[in-house]
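Visitor: Mind looking over this structure? Questions follow.
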Amino acid sequence: MNTPAMALQIPGVGSNYAYAERDGNGDFLDGGNNYKMTIPADAPVKNFWSIVIYDPQTRSELQTDQLYPSKNSARGGFDTNADGSVDLYFGPEAPAGKEANWTQTVPGKGWFTLLRVYGPLEPWFEKTWKPGEFELVK
């Protein structure tokens, strides 16, 4: 291994990633569908968390009308629930009143995502804190 530090689990140091390509039903994420995903309160990060969506063909950020196909706790600008959790929405059009928490997708195109935690803390490694599943919204 050329970069052994990437495999180390040192709380508060470095970054860790969670990959998702399917929703909570096991279906591939589809750019024509609408999804909701919750980041529970008290994300176990020393620095911040970030979620970015990618094009599976190019493995680059998904190209949409939005400047960034992402949300992150350092940049903020989204609505937080009373309990500190954050509901994120993904789909071709923003749900009414949820524009600040929405990331645009492209109909007819699949996508995948990486949740990055910068300075992951013990609950991340112990898996006592987990992000929500992608829930299909009808």
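Quick note on naming: the chains in the structure tokens go A, B, ... in the order shown, residues restart at 1 in each chain, and ligands are numbered from 1 in order of appearance.
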Could you make a table, as CSV, of the residues of region 21-55 of chain A that have an atom within 9 Å of an atom of region 94-114 of chain A, each with its nearest atom pair and distance in Å to one decimal, counting only C-alpha atoms, in chain and number order?
Guide:
```
residue,atom,partner,partner_atom,distance
A:Glu21,CA,A:Phe112,CA,4.5
A:Arg22,CA,A:Phe112,CA,7.7
A:Phe28,CA,A:Gly110,CA,7.3
A:Leu29,CA,A:Gly110,CA,5.8
A:Asp30,CA,A:Gly110,CA,4.6
A:Gly31,CA,A:Pro107,CA,4.5
A:Gly32,CA,A:Pro107,CA,3.8
A:Asn33,CA,A:Pro107,CA,7.5
A:Asn34,CA,A:Thr105,CA,8.7
A:Ser50,CA,A:Leu114,CA,8.0
A:Ile51,CA,A:Leu114,CA,5.7
A:Val52,CA,A:Thr113,CA,5.6
A:Ile53,CA,A:Thr113,CA,4.4
A:Tyr54,CA,A:Phe112,CA,5.3
A:Asp55,CA,A:Trp111,CA,5.1
```
Visitor: Could you write out that same residue set with N, CA and C atoms as an mmCIF file, in the first residue's frame?
Guide:
```cif
data_model
loop_
_atom_site.group_PDB
_atom_site.id
_atom_site.type_symbol
_atom_site.label_atom_id
_atom_site.label_comp_id
_atom_site.auth_asym_id
_atom_site.auth_seq_id
_atom_site.Cartn_x
_atom_site.Cartn_y
_atom_site.Cartn_z
ATOM 1 N N GLU A 21 -24.679 4.235 -4.240
ATOM 2 C CA GLU A 21 -25.163 4.232 -5.621
ATOM 3 C C GLU A 21 -26.597 3.731 -5.708
ATOM 4 N N ARG A 22 -27.140 3.320 -4.563
ATOM 5 C CA ARG A 22 -28.492 2.752 -4.517
ATOM 6 C C ARG A 22 -29.307 3.415 -3.419
ATOM 7 N N PHE A 28 -30.752 1.409 -8.111
ATOM 8 C CA PHE A 28 -29.762 2.410 -8.469
ATOM 9 C C PHE A 28 -30.376 3.797 -8.422
ATOM 10 N N LEU A 29 -29.598 4.783 -7.999
ATOM 11 C CA LEU A 29 -30.054 6.170 -7.968
ATOM 12 C C LEU A 29 -30.266 6.655 -9.399
ATOM 13 N N ASP A 30 -31.439 7.211 -9.650
ATOM 14 C CA ASP A 30 -31.875 7.592 -10.985
ATOM 15 C C ASP A 30 -32.126 9.097 -11.015
ATOM 16 N N GLY A 31 -31.503 9.789 -11.951
ATOM 17 C CA GLY A 31 -31.618 11.236 -12.054
ATOM 18 C C GLY A 31 -33.004 11.759 -12.337
ATOM 19 N N GLY A 32 -33.923 10.904 -12.768
ATOM 20 C CA GLY A 32 -35.294 11.322 -13.008
ATOM 21 C C GLY A 32 -36.172 11.219 -11.776
ATOM 22 N N ASN A 33 -35.660 10.607 -10.721
ATOM 23 C CA ASN A 33 -36.421 10.438 -9.477
ATOM 24 C C ASN A 33 -36.038 11.499 -8.458
ATOM 25 N N ASN A 34 -36.880 11.617 -7.440
ATOM 26 C CA ASN A 34 -36.623 12.516 -6.320
ATOM 27 C C ASN A 34 -36.325 11.684 -5.080
ATOM 28 N N SER A 50 -19.316 16.642 3.928
ATOM 29 C CA SER A 50 -19.618 17.086 2.568
ATOM 30 C C SER A 50 -20.263 15.931 1.820
ATOM 31 N N ILE A 51 -21.262 16.235 1.011
ATOM 32 C CA ILE A 51 -21.852 15.212 0.140
ATOM 33 C C ILE A 51 -21.868 15.765 -1.282
ATOM 34 N N VAL A 52 -21.315 14.987 -2.208
ATOM 35 C CA VAL A 52 -21.165 15.391 -3.606
ATOM 36 C C VAL A 52 -21.756 14.292 -4.481
ATOM 37 N N ILE A 53 -22.451 14.679 -5.558
ATOM 38 C CA ILE A 53 -22.951 13.672 -6.493
ATOM 39 C C ILE A 53 -22.109 13.672 -7.763
ATOM 40 N N TYR A 54 -21.952 12.467 -8.311
ATOM 41 C CA TYR A 54 -21.050 12.232 -9.435
ATOM 42 C C TYR A 54 -21.752 11.519 -10.582
ATOM 43 N N ASP A 55 -21.200 11.702 -11.765
ATOM 44 C CA ASP A 55 -21.629 11.036 -12.993
ATOM 45 C C ASP A 55 -20.919 9.681 -13.058
#
```
Visitor: Any chance you could list, as a PyMOL selection string, the residues in region 3-131 of chain A that come up strand (DSSP E or B) when DSSP is run on the backbone?
Guide: chain A and resi 15-20+22+28+30+34-39+45-54+61+70-72+86-91+102-104+110+112-120
Visitor: Give me, as an mmCIF file with N, CA and C atoms, in the first residue's frame, all polymer residues having an atom no more than 12 Å from Pro131 (chain A), counting only C-alpha atoms and skipping those fewer than 2 positions away in the same chain.
Guide:
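To be explicit, this is the file written out as selection-v9.cif:
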```
data_model
loop_
_atom_site.group_PDB
_atom_site.id
_atom_site.type_symbol
_atom_site.label_atom_id
_atom_site.label_comp_id
_atom_site.auth_asym_id
_atom_site.auth_seq_id
_atom_site.Cartn_x
_atom_site.Cartn_y
_atom_site.Cartn_z
ATOM 1 N N TYR A 17 -14.728 8.276 3.866
ATOM 2 C CA TYR A 17 -15.772 8.408 2.856
ATOM 3 C C TYR A 17 -16.788 7.276 2.936
ATOM 4 N N ALA A 18 -18.024 7.600 2.621
ATOM 5 C CA ALA A 18 -19.087 6.608 2.472
ATOM 6 C C ALA A 18 -19.660 6.762 1.064
ATOM 7 N N TYR A 19 -19.746 5.663 0.334
ATOM 8 C CA TYR A 19 -20.185 5.636 -1.060
ATOM 9 C C TYR A 19 -21.608 5.108 -1.135
ATOM 10 N N ALA A 20 -22.434 5.694 -1.988
ATOM 11 C CA ALA A 20 -23.784 5.181 -2.220
ATOM 12 C C ALA A 20 -24.126 5.310 -3.699
ATOM 13 N N GLY A 24 -32.592 3.198 -0.542
ATOM 14 C CA GLY A 24 -32.891 2.289 0.555
ATOM 15 C C GLY A 24 -33.605 1.019 0.129
ATOM 16 N N LYS A 36 -34.894 11.815 -0.773
ATOM 17 C CA LYS A 36 -34.602 12.536 0.461
ATOM 18 C C LYS A 36 -33.586 11.714 1.234
ATOM 19 N N MET A 37 -32.627 12.384 1.825
ATOM 20 C CA MET A 37 -31.608 11.723 2.650
ATOM 21 C C MET A 37 -31.341 12.617 3.848
ATOM 22 N N THR A 38 -31.248 12.041 5.026
ATOM 23 C CA THR A 38 -31.049 12.829 6.236
ATOM 24 C C THR A 38 -29.648 12.628 6.800
ATOM 25 N N ILE A 39 -29.015 13.739 7.118
ATOM 26 C CA ILE A 39 -27.770 13.730 7.879
ATOM 27 C C ILE A 39 -28.206 13.934 9.331
ATOM 28 N N PRO A 40 -28.099 12.892 10.165
ATOM 29 C CA PRO A 40 -28.539 13.045 11.553
ATOM 30 C C PRO A 40 -27.754 14.131 12.294
ATOM 31 N N ALA A 41 -28.336 14.601 13.370
ATOM 32 C CA ALA A 41 -27.690 15.619 14.198
ATOM 33 C C ALA A 41 -26.357 15.105 14.736
ATOM 34 N N ASP A 42 -25.536 16.041 15.124
ATOM 35 C CA ASP A 42 -24.250 15.737 15.771
ATOM 36 C C ASP A 42 -23.368 14.837 14.925
ATOM 37 N N ALA A 43 -23.211 15.205 13.649
ATOM 38 C CA ALA A 43 -22.315 14.436 12.778
ATOM 39 C C ALA A 43 -20.944 14.352 13.457
ATOM 40 N N PRO A 44 -20.368 13.164 13.515
ATOM 41 C CA PRO A 44 -19.114 12.966 14.237
ATOM 42 C C PRO A 44 -17.898 13.423 13.435
ATOM 43 N N TRP A 49 -18.615 17.925 7.218
ATOM 44 C CA TRP A 49 -19.025 16.854 6.302
ATOM 45 C C TRP A 49 -19.377 17.476 4.957
ATOM 46 N N SER A 50 -19.316 16.642 3.928
ATOM 47 C CA SER A 50 -19.618 17.086 2.568
ATOM 48 C C SER A 50 -20.263 15.931 1.820
ATOM 49 N N ILE A 51 -21.262 16.235 1.011
ATOM 50 C CA ILE A 51 -21.852 15.212 0.140
ATOM 51 C C ILE A 51 -21.868 15.765 -1.282
ATOM 52 N N SER A 85 -30.626 17.830 12.769
ATOM 53 C CA SER A 85 -30.424 17.022 11.558
ATOM 54 C C SER A 85 -30.654 17.892 10.328
ATOM 55 N N VAL A 86 -30.227 17.392 9.176
ATOM 56 C CA VAL A 86 -30.402 18.109 7.916
ATOM 57 C C VAL A 86 -31.025 17.156 6.902
ATOM 58 N N ASP A 87 -32.177 17.527 6.361
ATOM 59 C CA ASP A 87 -32.806 16.756 5.289
ATOM 60 C C ASP A 87 -32.298 17.304 3.965
ATOM 61 N N LEU A 88 -31.711 16.432 3.169
ATOM 62 C CA LEU A 88 -31.197 16.814 1.854
ATOM 63 C C LEU A 88 -32.085 16.201 0.785
ATOM 64 N N LEU A 114 -20.662 10.476 -2.740
ATOM 65 C CA LEU A 114 -19.709 10.252 -1.664
ATOM 66 C C LEU A 114 -20.034 11.220 -0.539
ATOM 67 N N LEU A 115 -20.209 10.673 0.654
ATOM 68 C CA LEU A 115 -20.295 11.480 1.856
ATOM 69 C C LEU A 115 -18.898 11.476 2.445
ATOM 70 N N ARG A 116 -18.323 12.643 2.595
ATOM 71 C CA ARG A 116 -16.984 12.761 3.166
ATOM 72 C C ARG A 116 -17.101 13.348 4.565
ATOM 73 N N VAL A 117 -16.361 12.781 5.484
ATOM 74 C CA VAL A 117 -16.281 13.347 6.826
ATOM 75 C C VAL A 117 -14.829 13.730 7.067
ATOM 76 N N PRO A 123 -17.671 7.992 16.887
ATOM 77 C CA PRO A 123 -18.946 7.411 16.440
ATOM 78 C C PRO A 123 -18.948 7.013 14.960
ATOM 79 N N TRP A 124 -18.137 7.685 14.142
ATOM 80 C CA TRP A 124 -18.030 7.310 12.730
ATOM 81 C C TRP A 124 -17.374 5.943 12.614
ATOM 82 N N LYS A 127 -19.439 3.169 14.072
ATOM 83 C CA LYS A 127 -20.712 3.038 13.340
ATOM 84 C C LYS A 127 -21.937 3.195 14.241
ATOM 85 N N THR A 128 -21.775 4.001 15.301
ATOM 86 C CA THR A 128 -22.925 4.309 16.152
ATOM 87 C C THR A 128 -23.687 5.516 15.609
ATOM 88 N N TRP A 129 -23.071 6.261 14.701
ATOM 89 C CA TRP A 129 -23.722 7.341 13.965
ATOM 90 C C TRP A 129 -23.680 6.942 12.496
ATOM 91 N N GLU A 133 -30.542 6.633 4.717
ATOM 92 C CA GLU A 133 -30.617 6.030 3.385
ATOM 93 C C GLU A 133 -31.246 7.040 2.422
ATOM 94 N N PHE A 134 -31.032 6.841 1.136
ATOM 95 C CA PHE A 134 -31.730 7.627 0.126
ATOM 96 C C PHE A 134 -33.139 7.055 -0.005
ATOM 97 N N GLU A 135 -34.122 7.883 0.330
ATOM 98 C CA GLU A 135 -35.522 7.460 0.278
ATOM 99 C C GLU A 135 -36.164 8.030 -0.986
#
```
Visitor: Between CA of Asn47 (chain A) and CA of Ala74 (chain A), what is the spacing in Å?
Guide: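 Separating CA of Ala74 (chain A) from CA of Asn47 (chain A) is a distance of 7.9 Å.
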Visitor: In Å to one decimal, how far is CA of Pro11 (chain A) from CA of Glu122 (chain A)?
Guide: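 Between CA of Glu122 (chain A) and CA of Pro11 (chain A) the gap works out to 5.8 Å.
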Visitor: Using only C-alpha atoms, find the one residue out of A:Pro69, A:Gly76, A:Gly132, A:Pro120 that sits nearest to Ser15 (chain A).
Guide: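 Closest to Ser15 (chain A), using only C-alpha atoms: A:Pro120.
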Visitor: Smallest atom-to-atom distance to Lys71 (chain A): which of A:Gly119, A:Gly91, A:Leu136, A:Phe48, using only C-alpha atoms?
Guide: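 So, comparing all the options, the nearest one is A:Phe48.
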Visitor: Please return, as a ChimeraX atom specification, all residues of chain A that DSSP assigns to alpha helix (DSSP H) on the basis of the backbone.
Guide: /A:122-126
Visitor: Please write the residues from the selection above to a file, keeping all heavy atoms, as a short mmCIF file (atom, residue, chain, number, x, y, z; two decimals), in the first residue's frame.
Guide:
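The resulting part38.cif:
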```cif
data_model
loop_
_atom_site.label_atom_id
_atom_site.label_comp_id
_atom_site.auth_asym_id
_atom_site.auth_seq_id
_atom_site.Cartn_x
_atom_site.Cartn_y
_atom_site.Cartn_z
N GLU A 122 -14.94 9.20 16.84
CA GLU A 122 -15.21 7.82 17.24
C GLU A 122 -16.55 7.26 16.76
O GLU A 122 -16.59 6.13 16.27
CB GLU A 122 -15.09 7.66 18.77
CG GLU A 122 -13.69 7.76 19.30
CD GLU A 122 -13.23 9.19 19.60
OE1 GLU A 122 -13.97 10.16 19.26
OE2 GLU A 122 -12.13 9.35 20.14
N PRO A 123 -17.67 7.99 16.89
CA PRO A 123 -18.95 7.41 16.44
C PRO A 123 -18.95 7.01 14.96
O PRO A 123 -19.67 6.10 14.56
CB PRO A 123 -19.97 8.52 16.73
CG PRO A 123 -19.35 9.30 17.84
CD PRO A 123 -17.87 9.29 17.54
N TRP A 124 -18.14 7.69 14.14
CA TRP A 124 -18.03 7.31 12.73
C TRP A 124 -17.37 5.94 12.61
O TRP A 124 -17.87 5.06 11.93
CB TRP A 124 -17.24 8.36 11.96
CG TRP A 124 -16.99 7.99 10.53
CD1 TRP A 124 -15.88 7.40 10.01
CD2 TRP A 124 -17.91 8.12 9.44
NE1 TRP A 124 -16.02 7.17 8.66
CE2 TRP A 124 -17.27 7.61 8.29
CE3 TRP A 124 -19.19 8.62 9.32
CZ2 TRP A 124 -17.88 7.59 7.04
CZ3 TRP A 124 -19.80 8.61 8.08
CH2 TRP A 124 -19.14 8.09 6.95
N PHE A 125 -16.25 5.76 13.28
CA PHE A 125 -15.53 4.49 13.20
C PHE A 125 -16.28 3.36 13.89
O PHE A 125 -16.25 2.22 13.43
CB PHE A 125 -14.13 4.64 13.82
CG PHE A 125 -13.24 5.60 13.08
CD1 PHE A 125 -12.78 6.75 13.68
CD2 PHE A 125 -12.88 5.36 11.76
CE1 PHE A 125 -11.96 7.64 13.00
CE2 PHE A 125 -12.06 6.25 11.06
CZ PHE A 125 -11.61 7.39 11.69
N GLU A 126 -16.97 3.68 14.98
CA GLU A 126 -17.74 2.67 15.72
C GLU A 126 -19.08 2.36 15.05
O GLU A 126 -19.77 1.43 15.46
CB GLU A 126 -17.97 3.16 17.15
CG GLU A 126 -16.68 3.30 17.94
CD GLU A 126 -16.87 4.11 19.23
OE1 GLU A 126 -17.98 4.63 19.48
OE2 GLU A 126 -15.88 4.22 19.97
#
```
Visitor: If you measure from CA of Leu62 (chain A) to CA of Asp79 (chain A), what distance in Å do you get, rounded to one decimal?
Guide: 22.8 Å
